[in-house]
Structure formats: structure tokens, C-alpha cells
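> Sharing coords16.cif (mmCIF, C-alpha atoms; chains and numbers go by the auth columns) below.
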```cif
data_data
#
loop_
_atom_site.group_PDB
_atom_site.id
_atom_site.type_symbol
_atom_site.label_atom_id
_atom_site.label_comp_id
_atom_site.label_asym_id
_atom_site.label_seq_id
_atom_site.Cartn_x
_atom_site.Cartn_y
_atom_site.Cartn_z
_atom_site.B_iso_or_equiv
_atom_site.auth_seq_id
_atom_site.auth_asym_id
ATOM 1 C CA GLN A 1 -0.054 -19.016 5.001 0.00 1 J
ATOM 2 C CA VAL A 2 -0.088 -15.470 3.683 0.00 2 J
ATOM 3 C CA GLN A 3 3.044 -13.523 4.593 0.00 3 J
ATOM 4 C CA LEU A 4 3.671 -9.882 3.753 0.00 4 J
ATOM 5 C CA VAL A 5 6.957 -8.209 4.692 0.00 5 J
ATOM 6 C CA GLU A 6 7.531 -4.506 4.117 0.00 6 J
ATOM 7 C CA SER A 7 10.851 -2.703 3.761 0.00 7 J
ATOM 8 C CA GLY A 8 12.199 0.649 2.649 0.00 8 J
ATOM 9 C CA GLY A 9 10.876 2.969 5.319 0.00 9 J
ATOM 10 C CA GLY A 10 13.011 5.635 6.930 0.00 10 J
ATOM 11 C CA SER A 11 13.376 9.296 7.749 0.00 11 J
ATOM 12 C CA VAL A 12 13.455 12.018 5.100 0.00 12 J
ATOM 13 C CA GLN A 13 13.025 15.750 4.893 0.00 13 J
ATOM 14 C CA ALA A 14 9.981 17.342 3.312 0.00 14 J
ATOM 15 C CA GLY A 15 10.182 17.155 -0.463 0.00 15 J
ATOM 16 C CA GLY A 16 12.175 13.939 -0.369 0.00 16 J
ATOM 17 C CA SER A 17 11.369 10.504 -1.755 0.00 17 J
ATOM 18 C CA LEU A 18 11.223 6.927 -0.541 0.00 18 J
ATOM 19 C CA ARG A 19 10.404 3.622 -2.206 0.00 19 J
ATOM 20 C CA LEU A 20 8.660 0.982 -0.155 0.00 20 J
ATOM 21 C CA SER A 21 8.706 -2.710 -1.028 0.00 21 J
ATOM 22 C CA CYS A 22 6.505 -5.587 0.090 0.00 22 J
ATOM 23 C CA ALA A 23 7.558 -9.208 -0.346 0.00 23 J
ATOM 24 C CA ALA A 24 4.587 -11.564 -0.545 0.00 24 J
ATOM 25 C CA SER A 25 4.557 -15.327 -0.037 0.00 25 J
ATOM 26 C CA GLY A 26 2.229 -18.187 0.792 0.00 26 J
ATOM 27 C CA TYR A 27 -0.263 -17.624 -2.028 0.00 27 J
ATOM 28 C CA LYS A 28 -0.478 -16.886 -5.750 0.00 28 J
ATOM 29 C CA PHE A 29 0.440 -13.210 -5.730 0.00 29 J
ATOM 30 C CA SER A 30 -0.669 -12.451 -9.271 0.00 30 J
ATOM 31 C CA ASN A 31 -4.314 -13.377 -8.567 0.00 31 J
ATOM 32 C CA ASN A 32 -5.070 -10.759 -5.933 0.00 32 J
ATOM 33 C CA ASN A 33 -5.665 -7.069 -5.433 0.00 33 J
ATOM 34 C CA MET A 34 -2.922 -5.518 -3.326 0.00 34 J
ATOM 35 C CA ALA A 35 -2.697 -2.218 -1.507 0.00 35 J
ATOM 36 C CA TRP A 36 -0.703 0.087 0.692 0.00 36 J
ATOM 37 C CA PHE A 37 -2.175 1.525 3.857 0.00 37 J
ATOM 38 C CA ARG A 38 -0.864 3.907 6.465 0.00 38 J
ATOM 39 C CA GLN A 39 -1.683 4.686 10.052 0.00 39 J
ATOM 40 C CA ALA A 40 -0.464 7.677 12.004 0.00 40 J
ATOM 41 C CA PRO A 41 -0.593 7.787 15.826 0.00 41 J
ATOM 42 C CA GLY A 42 -4.133 8.334 17.024 0.00 42 J
ATOM 43 C CA MET A 43 -5.545 8.104 13.508 0.00 43 J
ATOM 44 C CA GLU A 44 -7.552 5.477 11.670 0.00 44 J
ATOM 45 C CA ARG A 45 -5.948 3.297 9.052 0.00 45 J
ATOM 46 C CA GLU A 46 -6.053 5.017 5.660 0.00 46 J
ATOM 47 C CA GLY A 47 -6.001 3.444 2.224 0.00 47 J
ATOM 48 C CA VAL A 48 -3.111 4.984 0.281 0.00 48 J
ATOM 49 C CA ALA A 49 -3.082 3.102 -3.022 0.00 49 J
ATOM 50 C CA ALA A 50 -4.355 -0.146 -4.503 0.00 50 J
ATOM 51 C CA ILE A 51 -3.583 -2.180 -7.604 0.00 51 J
ATOM 52 C CA THR A 52 -5.464 -4.989 -9.325 0.00 52 J
ATOM 53 C CA PRO A 53 -3.921 -8.079 -10.939 0.00 53 J
ATOM 54 C CA TRP A 54 -4.273 -6.235 -14.285 0.00 54 J
ATOM 55 C CA ASN A 55 -2.432 -3.147 -12.977 0.00 55 J
ATOM 56 C CA THR A 56 -5.439 -0.890 -12.631 0.00 56 J
ATOM 57 C CA THR A 57 -4.503 1.553 -9.887 0.00 57 J
ATOM 58 C CA TYR A 58 -6.443 3.564 -7.331 0.00 58 J
ATOM 59 C CA TYR A 59 -5.191 6.293 -5.023 0.00 59 J
ATOM 60 C CA GLY A 60 -6.355 8.108 -1.950 0.00 60 J
ATOM 61 C CA ASP A 61 -6.978 11.801 -2.561 0.00 61 J
ATOM 62 C CA SER A 62 -4.173 12.887 -0.240 0.00 62 J
ATOM 63 C CA VAL A 63 -1.445 11.116 -2.237 0.00 63 J
ATOM 64 C CA LYS A 64 -2.703 11.367 -5.804 0.00 64 J
ATOM 65 C CA GLY A 65 -0.010 12.734 -8.101 0.00 65 J
ATOM 66 C CA ARG A 66 2.787 12.099 -5.561 0.00 66 J
ATOM 67 C CA PHE A 67 2.702 8.339 -4.918 0.00 67 J
ATOM 68 C CA THR A 68 2.839 5.501 -7.437 0.00 68 J
ATOM 69 C CA ILE A 69 1.902 1.902 -6.701 0.00 69 J
ATOM 70 C CA SER A 70 3.271 -0.936 -8.824 0.00 70 J
ATOM 71 C CA ARG A 71 3.703 -4.674 -8.693 0.00 71 J
ATOM 72 C CA ASP A 72 6.042 -7.302 -10.112 0.00 72 J
ATOM 73 C CA ASN A 73 4.159 -10.588 -10.371 0.00 73 J
ATOM 74 C CA GLU A 74 7.356 -12.444 -11.310 0.00 74 J
ATOM 75 C CA LYS A 75 9.001 -11.397 -8.047 0.00 75 J
ATOM 76 C CA ASN A 76 5.842 -11.526 -5.874 0.00 76 J
ATOM 77 C CA ALA A 77 6.559 -7.936 -4.938 0.00 77 J
ATOM 78 C CA LEU A 78 4.549 -4.781 -4.385 0.00 78 J
ATOM 79 C CA TYR A 79 6.051 -1.289 -4.449 0.00 79 J
ATOM 80 C CA LEU A 80 5.135 2.245 -3.453 0.00 80 J
ATOM 81 C CA GLN A 81 7.168 5.112 -4.873 0.00 81 J
ATOM 82 C CA MET A 82 6.593 8.182 -2.709 0.00 82 J
ATOM 83 C CA ASN A 83 7.697 11.572 -4.001 0.00 83 J
ATOM 84 C CA ASN A 84 7.404 15.066 -2.569 0.00 84 J
ATOM 85 C CA LEU A 85 6.866 13.657 0.902 0.00 85 J
ATOM 86 C CA GLN A 86 5.327 15.962 3.485 0.00 86 J
ATOM 87 C CA PRO A 87 5.193 15.810 7.296 0.00 87 J
ATOM 88 C CA ASP A 88 1.535 14.702 7.095 0.00 88 J
ATOM 89 C CA ASP A 89 2.752 11.555 5.330 0.00 89 J
ATOM 90 C CA THR A 90 4.447 10.401 8.538 0.00 90 J
ATOM 91 C CA ALA A 91 2.941 7.043 9.502 0.00 91 J
ATOM 92 C CA ILE A 92 3.461 3.315 9.605 0.00 92 J
ATOM 93 C CA TYR A 93 2.946 1.975 6.079 0.00 93 J
ATOM 94 C CA SER A 94 1.657 -1.551 5.564 0.00 94 J
ATOM 95 C CA CYS A 95 0.922 -3.646 2.535 0.00 95 J
ATOM 96 C CA ALA A 96 -2.209 -5.747 2.339 0.00 96 J
ATOM 97 C CA ARG A 97 -3.858 -8.474 0.291 0.00 97 J
ATOM 98 C CA GLU A 98 -7.520 -8.685 -0.522 0.00 98 J
ATOM 99 C CA GLY A 99 -9.724 -11.279 1.155 0.00 99 J
ATOM 100 C CA PRO A 100 -13.463 -12.086 1.261 0.00 100 J
ATOM 101 C CA GLU A 101 -13.705 -11.530 5.008 0.00 101 J
ATOM 102 C CA GLY A 102 -11.671 -8.381 5.076 0.00 102 J
ATOM 103 C CA THR A 103 -12.488 -4.759 5.761 0.00 103 J
ATOM 104 C CA VAL A 104 -13.731 -2.457 3.032 0.00 104 J
ATOM 105 C CA PHE A 105 -11.730 0.677 2.303 0.00 105 J
ATOM 106 C CA TRP A 106 -12.299 3.621 -0.002 0.00 106 J
ATOM 107 C CA PHE A 107 -9.617 4.401 -2.594 0.00 107 J
ATOM 108 C CA GLY A 108 -10.703 7.613 -4.213 0.00 108 J
ATOM 109 C CA ARG A 109 -13.074 6.108 -6.790 0.00 109 J
ATOM 110 C CA THR A 110 -13.732 2.569 -5.656 0.00 110 J
ATOM 111 C CA THR A 111 -14.015 0.395 -2.556 0.00 111 J
ATOM 112 C CA LEU A 112 -11.942 -2.741 -2.091 0.00 112 J
ATOM 113 C CA ARG A 113 -11.798 -5.351 0.677 0.00 113 J
ATOM 114 C CA PHE A 114 -8.507 -6.291 2.361 0.00 114 J
ATOM 115 C CA GLN A 115 -7.924 -9.046 4.875 0.00 115 J
ATOM 116 C CA TYR A 116 -4.205 -9.789 5.248 0.00 116 J
ATOM 117 C CA TRP A 117 -1.623 -7.296 6.528 0.00 117 J
ATOM 118 C CA GLY A 118 2.080 -6.967 6.957 0.00 118 J
ATOM 119 C CA GLN A 119 3.650 -5.593 10.121 0.00 119 J
ATOM 120 C CA GLY A 120 4.508 -2.287 8.522 0.00 120 J
ATOM 121 C CA THR A 121 7.455 0.025 8.062 0.00 121 J
ATOM 122 C CA GLN A 122 7.855 3.474 9.611 0.00 122 J
ATOM 123 C CA VAL A 123 8.048 6.555 7.396 0.00 123 J
ATOM 124 C CA THR A 124 8.974 9.821 9.094 0.00 124 J
ATOM 125 C CA VAL A 125 9.020 13.137 7.239 0.00 125 J
ATOM 126 C CA SER A 126 10.509 16.197 8.914 0.00 126 J
ATOM 127 C CA SER A 127 9.842 19.791 7.921 0.00 127 J
#
```
Can you give me the file's structure in the form of C-alpha cells?

Amino acid sequence: QVQLVESGGGSVQAGGSLRLSCAASGYKFSNNNMAWFRQAPGMEREGVAAITPWNTTYYGDSVKGRFTISRDNEKNALYLQMNNLQPDDTAIYSCAREGPEGTVFWFGRTTLRFQYWGQGTQVTVSS
């Protein structure tokens, strides 16, 4: 079955950087759109960045220019490089895989549907 395991979260000061990783298994990774989402306490889940099998990328408006999504199809891995982190970026970050029965999310200039989720990794940014 689909398994997604995130790592790389932690605590940083404002202006700092973190790199998140997501290890995927149980399916052919290279065939699917992948994405990073985040959810802060009391807030709805927000699409942060998405990437297609051909490396077309999409970003939410709040992270554009600061975050970079990438994938390594040889390693079945998804990454999120986060620079110039701000306290508003504090959230649980999860990776996700597309699926036909998933929920549609907006990514700045397109909508994509995601169905499978990892458990997430906490990112905390202090001022």
C-alpha cells in the first residue's frame, strides 16, 4: 500500500532554513503528482507546493520565492527546501500523493487532487 514518511522538521529562528524529505513506497513514485501540505493549529490544511512527474512545479502564494519543491524518482523521494522561514510558517508539514478520489487543492495557478498522506513532521519558527 502507499506509504509516505516525512523527516527533516525541527525548530529554527526566523530567517533560517530547513529541508524536508518524504520517502515514498508501495507504488510507482515516478508516475504521480506529489505535493507538500501544511496545517497549523486551528487552521485548514494548505497546499504549499506540488510537482508533476515531469518536474513542473506549483506553489502557494505564501511560499513562492522562499520554498522549492523537488523530487528524485530514482530514490522515490520528495523534498521541500524552505528558506527565509517566518513564524507564520509554523505548522505540521505532510507530503501527499495524487489520487482519483482525493481532495482538490489550489496551488497558485492550478488545482490538483491528492488522496494519500504521510503523518507529517513539525516545523516551528520562532521570532
> Go through J:Val12, J:Thr110, J:Ala23, J:Val104 and flag the residue nearest Gly60 of chain J, using only C-alpha atoms for the distances.
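For Gly60 of chain J, the nearest of the given residues is J:Thr110.
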> Pull out every residue that the PyMOL selection byres ((chain J and resi 108) around 8) matches in the shown coordinates and put them as a compact mmCIF listing (two decimals) with C-alpha atoms, in the coordinates of the input.

```txt
# COMPACT_ATOMS: atom_id res chain seq x y z
CA TYR J 58 -6.44 3.56 -7.33
CA TYR J 59 -5.19 6.29 -5.02
CA GLY J 60 -6.36 8.11 -1.95
CA ASP J 61 -6.98 11.80 -2.56
CA TRP J 106 -12.30 3.62 0.00
CA PHE J 107 -9.62 4.40 -2.59
CA ARG J 109 -13.07 6.11 -6.79
CA THR J 110 -13.73 2.57 -5.66
```
> Assuming the chain letters and numbering stay as they are in my file, what does the PyMOL selection byres ((chain J and resi 28-45) around 6) actually select? List them as a PyMOL selection string.
chain J and resi 27+46-53+73+76+91-98
> Provide an axis-aligned box for all listed atoms of segment 108-112 of chain J, padding each side by 5 Å; report its centre and its edge lengths in Å to one decimal, as AutoDock Vina command-line options.

```
--center_x -12.4 --center_y 2.4 --center_z -4.4 --size_x 13.3 --size_y 20.4 --size_z 14.7
```
> Rank nothing, just name the residue among J:Leu80, J:Val63, J:Cys22, J:Leu112 nearest to Ser7 of chain J, using all atoms listed in the file.
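Closest candidate: J:Cys22.
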> The residues within 10 Å of (-5.1, -11.2, 9.8), using all atoms listed in the file and the coordinates of the file, should be reported as a PDB file with C-alpha atoms, in the frame of the given file; which are they?

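Listing of point-v1.pdb after writing:
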```pdb
ATOM      1  CA  VAL J   2      -0.088 -15.470   3.683  1.00  0.00           C
ATOM      2  CA  GLN J   3       3.044 -13.523   4.593  1.00  0.00           C
ATOM      3  CA  ALA J  96      -2.209  -5.747   2.339  1.00  0.00           C
ATOM      4  CA  ARG J  97      -3.858  -8.474   0.291  1.00  0.00           C
ATOM      5  CA  GLY J  99      -9.724 -11.279   1.155  1.00  0.00           C
ATOM      6  CA  GLU J 101     -13.705 -11.530   5.008  1.00  0.00           C
ATOM      7  CA  GLY J 102     -11.671  -8.381   5.076  1.00  0.00           C
ATOM      8  CA  PHE J 114      -8.507  -6.291   2.361  1.00  0.00           C
ATOM      9  CA  GLN J 115      -7.924  -9.046   4.875  1.00  0.00           C
ATOM     10  CA  TYR J 116      -4.205  -9.789   5.248  1.00  0.00           C
ATOM     11  CA  TRP J 117      -1.623  -7.296   6.528  1.00  0.00           C
ATOM     12  CA  GLY J 118       2.080  -6.967   6.957  1.00  0.00           C
TER      13      GLY J 118
END
```
> From the structure just shown, export segment 27-102 of chain J with C-alpha atoms as a PDB file, in the first residue's frame.

```pdb
ATOM      1  CA  TYR J  27       3.649   2.371  -5.696  1.00  0.00           C
ATOM      2  CA  LYS J  28       5.493   3.649  -8.764  1.00  0.00           C
ATOM      3  CA  PHE J  29       6.634   7.022  -7.469  1.00  0.00           C
ATOM      4  CA  SER J  30       7.630   8.476 -10.820  1.00  0.00           C
ATOM      5  CA  ASN J  31       4.084   8.222 -12.237  1.00  0.00           C
ATOM      6  CA  ASN J  32       2.332  10.547  -9.809  1.00  0.00           C
ATOM      7  CA  ASN J  33       1.944  14.173  -8.854  1.00  0.00           C
ATOM      8  CA  MET J  34       3.317  14.826  -5.382  1.00  0.00           C
ATOM      9  CA  ALA J  35       2.891  17.724  -3.002  1.00  0.00           C
ATOM     10  CA  TRP J  36       3.660  19.246   0.347  1.00  0.00           C
ATOM     11  CA  PHE J  37       0.903  20.498   2.602  1.00  0.00           C
ATOM     12  CA  ARG J  38       0.888  22.175   5.976  1.00  0.00           C
ATOM     13  CA  GLN J  39      -1.605  22.598   8.760  1.00  0.00           C
ATOM     14  CA  ALA J  40      -1.292  24.976  11.673  1.00  0.00           C
ATOM     15  CA  PRO J  41      -3.392  24.576  14.845  1.00  0.00           C
ATOM     16  CA  GLY J  42      -6.958  25.659  14.227  1.00  0.00           C
ATOM     17  CA  MET J  43      -6.333  26.214  10.524  1.00  0.00           C
ATOM     18  CA  GLU J  44      -7.334  24.333   7.400  1.00  0.00           C
ATOM     19  CA  ARG J  45      -4.828  22.259   5.502  1.00  0.00           C
ATOM     20  CA  GLU J  46      -2.964  24.420   2.987  1.00  0.00           C
ATOM     21  CA  GLY J  47      -1.280  23.364  -0.228  1.00  0.00           C
ATOM     22  CA  VAL J  48       2.339  24.539  -0.088  1.00  0.00           C
ATOM     23  CA  ALA J  49       3.903  23.170  -3.271  1.00  0.00           C
ATOM     24  CA  ALA J  50       3.271  20.486  -5.873  1.00  0.00           C
ATOM     25  CA  ILE J  51       5.342  18.790  -8.554  1.00  0.00           C
ATOM     26  CA  THR J  52       4.366  16.691 -11.559  1.00  0.00           C
ATOM     27  CA  PRO J  53       6.201  13.607 -12.846  1.00  0.00           C
ATOM     28  CA  TRP J  54       7.845  15.933 -15.417  1.00  0.00           C
ATOM     29  CA  ASN J  55       9.032  18.368 -12.717  1.00  0.00           C
ATOM     30  CA  THR J  56       6.539  21.119 -13.404  1.00  0.00           C
ATOM     31  CA  THR J  57       6.141  22.914 -10.088  1.00  0.00           C
ATOM     32  CA  TYR J  58       3.366  24.901  -8.446  1.00  0.00           C
ATOM     33  CA  TYR J  59       3.494  26.969  -5.277  1.00  0.00           C
ATOM     34  CA  GLY J  60       1.084  28.537  -2.862  1.00  0.00           C
ATOM     35  CA  ASP J  61       1.255  32.328  -2.855  1.00  0.00           C
ATOM     36  CA  SER J  62       2.521  32.486   0.724  1.00  0.00           C
ATOM     37  CA  VAL J  63       5.694  30.493  -0.004  1.00  0.00           C
ATOM     38  CA  LYS J  64       6.525  31.489  -3.566  1.00  0.00           C
ATOM     39  CA  GLY J  65      10.145  32.586  -3.860  1.00  0.00           C
ATOM     40  CA  ARG J  66      11.114  31.048  -0.487  1.00  0.00           C
ATOM     41  CA  PHE J  67      10.322  27.331  -0.833  1.00  0.00           C
ATOM     42  CA  THR J  68      11.468  24.905  -3.519  1.00  0.00           C
ATOM     43  CA  ILE J  69       9.923  21.505  -4.171  1.00  0.00           C
ATOM     44  CA  SER J  70      11.903  18.772  -5.916  1.00  0.00           C
ATOM     45  CA  ARG J  71      11.818  15.043  -6.432  1.00  0.00           C
ATOM     46  CA  ASP J  72      14.271  12.219  -7.058  1.00  0.00           C
ATOM     47  CA  ASN J  73      12.479   9.453  -8.944  1.00  0.00           C
ATOM     48  CA  GLU J  74      15.485   7.135  -8.571  1.00  0.00           C
ATOM     49  CA  LYS J  75      15.273   7.360  -4.782  1.00  0.00           C
ATOM     50  CA  ASN J  76      11.449   7.575  -4.545  1.00  0.00           C
ATOM     51  CA  ALA J  77      11.932  10.777  -2.598  1.00  0.00           C
ATOM     52  CA  LEU J  78      10.264  14.167  -2.418  1.00  0.00           C
ATOM     53  CA  TYR J  79      11.924  17.255  -0.947  1.00  0.00           C
ATOM     54  CA  LEU J  80      10.989  20.727   0.231  1.00  0.00           C
ATOM     55  CA  GLN J  81      13.745  23.290   0.685  1.00  0.00           C
ATOM     56  CA  MET J  82      12.437  26.081   2.909  1.00  0.00           C
ATOM     57  CA  ASN J  83      14.395  29.321   3.129  1.00  0.00           C
ATOM     58  CA  ASN J  84      13.753  32.568   4.971  1.00  0.00           C
ATOM     59  CA  LEU J  85      11.335  30.827   7.307  1.00  0.00           C
ATOM     60  CA  GLN J  86       8.916  33.014   9.234  1.00  0.00           C
ATOM     61  CA  PRO J  87       6.789  32.364  12.336  1.00  0.00           C
ATOM     62  CA  ASP J  88       3.688  32.062  10.112  1.00  0.00           C
ATOM     63  CA  ASP J  89       5.322  29.011   8.524  1.00  0.00           C
ATOM     64  CA  THR J  90       4.955  27.100  11.796  1.00  0.00           C
ATOM     65  CA  ALA J  91       2.834  24.018  11.109  1.00  0.00           C
ATOM     66  CA  ILE J  92       2.839  20.285  10.616  1.00  0.00           C
ATOM     67  CA  TYR J  93       4.114  19.582   7.098  1.00  0.00           C
ATOM     68  CA  SER J  94       2.935  16.499   5.239  1.00  0.00           C
ATOM     69  CA  CYS J  95       3.686  15.040   1.860  1.00  0.00           C
ATOM     70  CA  ALA J  96       0.927  13.669  -0.322  1.00  0.00           C
ATOM     71  CA  ARG J  97       0.328  11.647  -3.469  1.00  0.00           C
ATOM     72  CA  GLU J  98      -2.363  12.301  -6.007  1.00  0.00           C
ATOM     73  CA  GLY J  99      -5.371  10.002  -6.269  1.00  0.00           C
ATOM     74  CA  PRO J 100      -8.670   9.965  -8.207  1.00  0.00           C
ATOM     75  CA  GLU J 101     -10.782  10.031  -5.053  1.00  0.00           C
ATOM     76  CA  GLY J 102      -8.776  12.659  -3.285  1.00  0.00           C
TER      77      GLY J 102
END
```
